[in-house]
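These notes are about the structure you will find just below.
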Amino acid sequence: MITVENLTKRYGPHPAVDDVSFQCQPGTVTGFLGPNGAGKSTTMRMICGLTAPTAGRATVSGHPYRELPNPGREVGVLLDASAQHAGRTGREALTLSAYTMGLDRREVAAKLDLVGLNAVAAKRRVRAYSLGMRQRLGLAHALLGDPRVLILDEPANGLDPEGIFWMRGLLRDFADRGGTVLLSSHLLREVEAVADRLVVIGGGRIVAQGDKNELLAGGGTVVRARDSAALRRALEVANLSAADSSEGLLVQADAEAVGQAAADAGVALAELRPASGGGLEQLFLTLTAGESTKEAVR
Amino acid sequence: MTTTTAPAAGAVAPRQHTAVRRPSLLRLTAVEVRKLVDTRAGRWLMITIGLVTAAIVTLQLIYAGDADQTFLNFFVPSLLPVSVLLPVLGILSITSEWSQRTALTTYALVPRRERVVAAKLIAVSLTALASVLASLAVAAVGTLVASATGGAGTWQFDWSLVLNAGILQVTSVLMGAAFGLLLLNPPLAIVGYLLLPTLWGVLGEMVKPLRGPSEWLDTSKTMEPLFSSDAVTGEQWGRVAVSLLVWMVLPLAAGLFRTLRREVS
């Protein structure tokens with residue numbers, strides 16, 4: 001269980017994270033979504049006691065992270081797969097942590113095996129690892145202490161499709177057995193496939209959160225016409241707000257209202273359907289459009 | 001949870017732990033000692049320290065006059081080059097966590113950062129003490145060889161020198177660690193550590209009004225009496241204490257403050 005209450009972090013006048021609150025329940029996977037620079041990593045570092053918040057608080061299993069006696073046994077953390085000593089072998093990196101936590105040495109071999117790093121890979125220095133191998137090592141590290149909570153920042157980065165599929169299964173299994181997972185990503189498909197709940201952040205603020213299916217249901221309607229200028233005018237007349245998307249116009253209304261507006265204006269439609277196919281992507285683009293443009297300009 | 005028959009391969013299940021205790025300082029120290037030698041850089045630094053000691057004694061066996069080939073004369077000169085290398089060990093122990101970004105892992109596992117810092121200081125101090133033992137061992141071998149090859153090979157030795165050698169090496173490594181804690185960046189800390197006291201020494205020689213204070217603040221001067229043949233006086237101990245306060249205790253305190261508050265990313 002992770003509880004985040006009104007977390008805020010300011011760097012000078014610029015708020016990196018602004019009044020963020022959410023909860024992750026045992027037995028669920030929570031997807032923490034947002035464009036790069038939205039404040040995902042800063043929020044996760046604050047949960048893990050690595051960054052002091054300007055305001056607000058976060059607890060893991062009911063305690064502030066810094067007060068957990070042996071955090072590795074309670075929370076598995078993977079914040080940056082590249083943050084390993086390049087000169088240590090994969091096995092040595094895990095052995096140091098296993099010893100710190102007071103674990104049996106056998107756990108190291110078991111977890112290396114679990115994430116698919118074989119004996120040859122384990123003996124190589126991290127310097128020689130691909131990003132995908134580092135992610136696997138990082139995941140082995142997070143799972144090392146058999147924690148009840150996992151906090152993973154962009155764990156799918158650098159994994160091949162097979163690896164992503166494997167990780168999805170691993171996290172789903174972990175949650176189904178009563179674990180709590182908080183997983184950040186800007187890869188929308190990745191989160192859509194595994195998460196039960198979503199927390200969407202943009203520009204440091206939470207812009208949407210809730211049950212994945214509920215959020216997706218509110219995805220609006222996709223509509224397309226050969227004469228898209230006329231369609232746009234028709235929607236304007238009907239007071240429906242429309243946004244451009246890769247598949248056509250995305251309208252925050254149901255299909256009936258959109259069809260009626262088009263019929264009233266005499267516009268022939270080429271396509272009219274609920275925005276469910278790339279549902280989360282639409283939601284994500286709509287919710288974070290402003291912030292991500294800002295981010296791109298900065 | 002329901003009981004399952006033979007869980008699928010690769011299954012991970014959150015477990016309930018009974019009485020999870022925080023890692024003891026002893027355990028953390030052992031981890032830090034291991035970190036000193038589990039990389040090529042660390043291992044070579046240790047080997048270099050050993051080789052330098054051996055080289056000094058070998059040179060003396062070849063070039064020193066027979067009468068000077070005593071245990072005392074093998075032991076004391078071997079301390080100085082080691083006391084230059086040890087601070088680098090102290091600096092790297094602290095700063096590599098930041099330069100290699102392992103601080104992210106280290107402080108996630110032990111969020112009470114002062115405990116990690118304490119473990120690191122103990123680990124490097126133990127290494128410094130081990131280096132004194134190495135110096136003693138190499139000096140002993142040198143003395144045996146000297147007595148076999150016609151040198152004096154005398155064992156006459158004031159054992160308080162071992163204590164003084166321990167003080168020299170432990171404070172050297174801690175001064176390095178203090179600079180590492182304060183600057184948190186390996187090149188900056190190494191250059192700062194090597195440059196500042198030297199600069200101060202040079203200034204003390206050149207600028208007359210500084211000569212008085214430099215008697216109290218230049219560690220290379222204040223530590224000198226520890227290895228003279230005369231007993232160390234109270235005032236000399238006072239100078240040692242004052243110079244260490246400035247070059248070791250203050251940077252340690254400021255560095256600890258900075259490390260505890262720094263954002264880990």
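Letters A, B, ... go to the chains of the structure tokens in the order shown; residues in each chain start at 1; ligands are counted from 1 in the same order.
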
Where does chain A meet chain B within 6 Å, residue by residue, with the nearest atom pair and distance in Å to one decimal for each, counting only C-alpha atoms, listed by chain and rising number, as JSON lines?
```
{"residue": "A:Leu50", "atom": "CA", "partner": "B:Val264", "partner_atom": "CA", "distance": 5.2}
{"residue": "A:Thr51", "atom": "CA", "partner": "B:Glu263", "partner_atom": "CA", "distance": 4.9}
{"residue": "A:Arg66", "atom": "CA", "partner": "B:Pro111", "partner_atom": "CA", "distance": 5.2}
{"residue": "A:Pro69", "atom": "CA", "partner": "B:Arg22", "partner_atom": "CA", "distance": 4.5}
{"residue": "A:Asn70", "atom": "CA", "partner": "B:Arg22", "partner_atom": "CA", "distance": 4.7}
{"residue": "A:Pro71", "atom": "CA", "partner": "B:Leu109", "partner_atom": "CA", "distance": 5.7}
{"residue": "A:Gly72", "atom": "CA", "partner": "B:Leu109", "partner_atom": "CA", "distance": 5.4}
{"residue": "A:Ala83", "atom": "CA", "partner": "B:Arg101", "partner_atom": "CA", "distance": 4.8}
{"residue": "A:Gln84", "atom": "CA", "partner": "B:Thr102", "partner_atom": "CA", "distance": 5.3}
{"residue": "A:His85", "atom": "CA", "partner": "B:Gln100", "partner_atom": "CA", "distance": 5.2}
{"residue": "A:Gly87", "atom": "CA", "partner": "B:Thr39", "partner_atom": "CA", "distance": 5.5}
{"residue": "A:Arg88", "atom": "CA", "partner": "B:Thr39", "partner_atom": "CA", "distance": 5.7}
{"residue": "A:Leu114", "atom": "CA", "partner": "B:Gly10", "partner_atom": "CA", "distance": 5.4}
{"residue": "A:Asp146", "atom": "CA", "partner": "B:Pro14", "partner_atom": "CA", "distance": 5.9}
{"residue": "A:Pro147", "atom": "CA", "partner": "B:Pro14", "partner_atom": "CA", "distance": 5.7}
{"residue": "A:Arg148", "atom": "CA", "partner": "B:Pro14", "partner_atom": "CA", "distance": 4.6}
{"residue": "A:Phe174", "atom": "CA", "partner": "B:Ala13", "partner_atom": "CA", "distance": 5.5}
{"residue": "A:Arg177", "atom": "CA", "partner": "B:Ala13", "partner_atom": "CA", "distance": 5.7}
{"residue": "A:Gly179", "atom": "CA", "partner": "B:Pro14", "partner_atom": "CA", "distance": 5.6}
```

Identify, on the basis of only C-alpha atoms, every residue whose closest approach to region 126-132 of chain A does not exceed 8 Å; exclude the query and any residue fewer than 2 positions from it along the same chain; express the result as a VMD selection string. chain A and resid 81 to 82 84 to 90 124 134 to 136 157 to 160

Atoms kept (N, CA, C and O atoms) for selection, written as a PDB file, in the first residue's frame:
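Produced file part-v2.pdb, reproduced below:
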```
ATOM      1  N   ALA A  81      17.659   2.184 -14.058  1.00  0.00           N
ATOM      2  CA  ALA A  81      18.412   0.959 -14.292  1.00  0.00           C
ATOM      3  C   ALA A  81      19.891   1.246 -14.562  1.00  0.00           C
ATOM      4  O   ALA A  81      20.738   0.382 -14.377  1.00  0.00           O
ATOM      5  N   SER A  82      20.204   2.463 -14.985  1.00  0.00           N
ATOM      6  CA  SER A  82      21.600   2.785 -15.300  1.00  0.00           C
ATOM      7  C   SER A  82      22.388   3.182 -14.060  1.00  0.00           C
ATOM      8  O   SER A  82      23.602   3.359 -14.142  1.00  0.00           O
ATOM      9  N   GLN A  84      23.951   1.916 -11.695  1.00  0.00           N
ATOM     10  CA  GLN A  84      24.728   0.838 -11.080  1.00  0.00           C
ATOM     11  C   GLN A  84      26.207   1.096 -11.350  1.00  0.00           C
ATOM     12  O   GLN A  84      26.541   1.699 -12.361  1.00  0.00           O
ATOM     13  N   HIS A  85      27.057   0.644 -10.452  1.00  0.00           N
ATOM     14  CA  HIS A  85      28.492   0.837 -10.639  1.00  0.00           C
ATOM     15  C   HIS A  85      28.941   0.052 -11.870  1.00  0.00           C
ATOM     16  O   HIS A  85      28.773  -1.176 -11.916  1.00  0.00           O
ATOM     17  N   ALA A  86      29.481   0.776 -12.859  1.00  0.00           N
ATOM     18  CA  ALA A  86      29.841   0.139 -14.130  1.00  0.00           C
ATOM     19  C   ALA A  86      30.895  -0.944 -13.938  1.00  0.00           C
ATOM     20  O   ALA A  86      30.976  -1.892 -14.722  1.00  0.00           O
ATOM     21  N   GLY A  87      31.689  -0.840 -12.887  1.00  0.00           N
ATOM     22  CA  GLY A  87      32.799  -1.765 -12.696  1.00  0.00           C
ATOM     23  C   GLY A  87      32.452  -3.003 -11.883  1.00  0.00           C
ATOM     24  O   GLY A  87      33.309  -3.855 -11.671  1.00  0.00           O
ATOM     25  N   ARG A  88      31.199  -3.089 -11.406  1.00  0.00           N
ATOM     26  CA  ARG A  88      30.819  -4.283 -10.655  1.00  0.00           C
ATOM     27  C   ARG A  88      30.101  -5.251 -11.574  1.00  0.00           C
ATOM     28  O   ARG A  88      29.456  -4.849 -12.529  1.00  0.00           O
ATOM     29  N   THR A  89      30.176  -6.530 -11.258  1.00  0.00           N
ATOM     30  CA  THR A  89      29.411  -7.503 -12.024  1.00  0.00           C
ATOM     31  C   THR A  89      27.958  -7.440 -11.547  1.00  0.00           C
ATOM     32  O   THR A  89      27.668  -6.926 -10.468  1.00  0.00           O
ATOM     33  N   GLY A  90      27.069  -7.970 -12.380  1.00  0.00           N
ATOM     34  CA  GLY A  90      25.661  -7.997 -12.003  1.00  0.00           C
ATOM     35  C   GLY A  90      25.459  -8.738 -10.695  1.00  0.00           C
ATOM     36  O   GLY A  90      24.734  -8.293  -9.808  1.00  0.00           O
ATOM     37  N   ARG A 124      29.450 -10.829 -15.880  1.00  0.00           N
ATOM     38  CA  ARG A 124      29.980  -9.681 -16.617  1.00  0.00           C
ATOM     39  C   ARG A 124      29.782  -8.397 -15.838  1.00  0.00           C
ATOM     40  O   ARG A 124      28.903  -8.285 -15.002  1.00  0.00           O
ATOM     41  N   ARG A 134      20.220  -4.193 -18.098  1.00  0.00           N
ATOM     42  CA  ARG A 134      20.239  -3.380 -16.871  1.00  0.00           C
ATOM     43  C   ARG A 134      18.855  -3.318 -16.241  1.00  0.00           C
ATOM     44  O   ARG A 134      18.714  -3.342 -15.014  1.00  0.00           O
ATOM     45  N   GLN A 135      17.820  -3.239 -17.102  1.00  0.00           N
ATOM     46  CA  GLN A 135      16.456  -3.230 -16.568  1.00  0.00           C
ATOM     47  C   GLN A 135      16.169  -4.550 -15.859  1.00  0.00           C
ATOM     48  O   GLN A 135      15.556  -4.568 -14.794  1.00  0.00           O
ATOM     49  N   ARG A 136      16.612  -5.644 -16.454  1.00  0.00           N
ATOM     50  CA  ARG A 136      16.387  -6.950 -15.819  1.00  0.00           C
ATOM     51  C   ARG A 136      17.139  -7.039 -14.492  1.00  0.00           C
ATOM     52  O   ARG A 136      16.608  -7.526 -13.497  1.00  0.00           O
ATOM     53  N   ASN A 157      11.568   0.463 -20.355  1.00  0.00           N
ATOM     54  CA  ASN A 157      12.577   1.115 -21.200  1.00  0.00           C
ATOM     55  C   ASN A 157      13.680   0.150 -21.598  1.00  0.00           C
ATOM     56  O   ASN A 157      14.326  -0.445 -20.752  1.00  0.00           O
ATOM     57  N   GLY A 158      13.900   0.012 -22.885  1.00  0.00           N
ATOM     58  CA  GLY A 158      15.033  -0.794 -23.333  1.00  0.00           C
ATOM     59  C   GLY A 158      14.753  -2.284 -23.404  1.00  0.00           C
ATOM     60  O   GLY A 158      15.601  -3.036 -23.854  1.00  0.00           O
ATOM     61  N   LEU A 159      13.580  -2.719 -22.923  1.00  0.00           N
ATOM     62  CA  LEU A 159      13.248  -4.134 -23.032  1.00  0.00           C
ATOM     63  C   LEU A 159      12.704  -4.411 -24.435  1.00  0.00           C
ATOM     64  O   LEU A 159      12.023  -3.573 -25.020  1.00  0.00           O
ATOM     65  N   ASP A 160      13.002  -5.591 -24.953  1.00  0.00           N
ATOM     66  CA  ASP A 160      12.445  -5.957 -26.255  1.00  0.00           C
ATOM     67  C   ASP A 160      10.989  -6.403 -26.048  1.00  0.00           C
ATOM     68  O   ASP A 160      10.545  -6.585 -24.916  1.00  0.00           O
TER      69      ASP A 160
END
```

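Compared by their closest atoms to Ala225 (chain A), and using only C-alpha atoms, the residues A:Ala242, A:Ile201, A:Val267, A:Gln23 rank with A:Val267 nearest.
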
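Compared by their closest atoms to Gly34 (chain A), and using only C-alpha atoms, the residues A:Leu152, A:Leu68, A:Val200, A:Leu183 rank with A:Val200 nearest.
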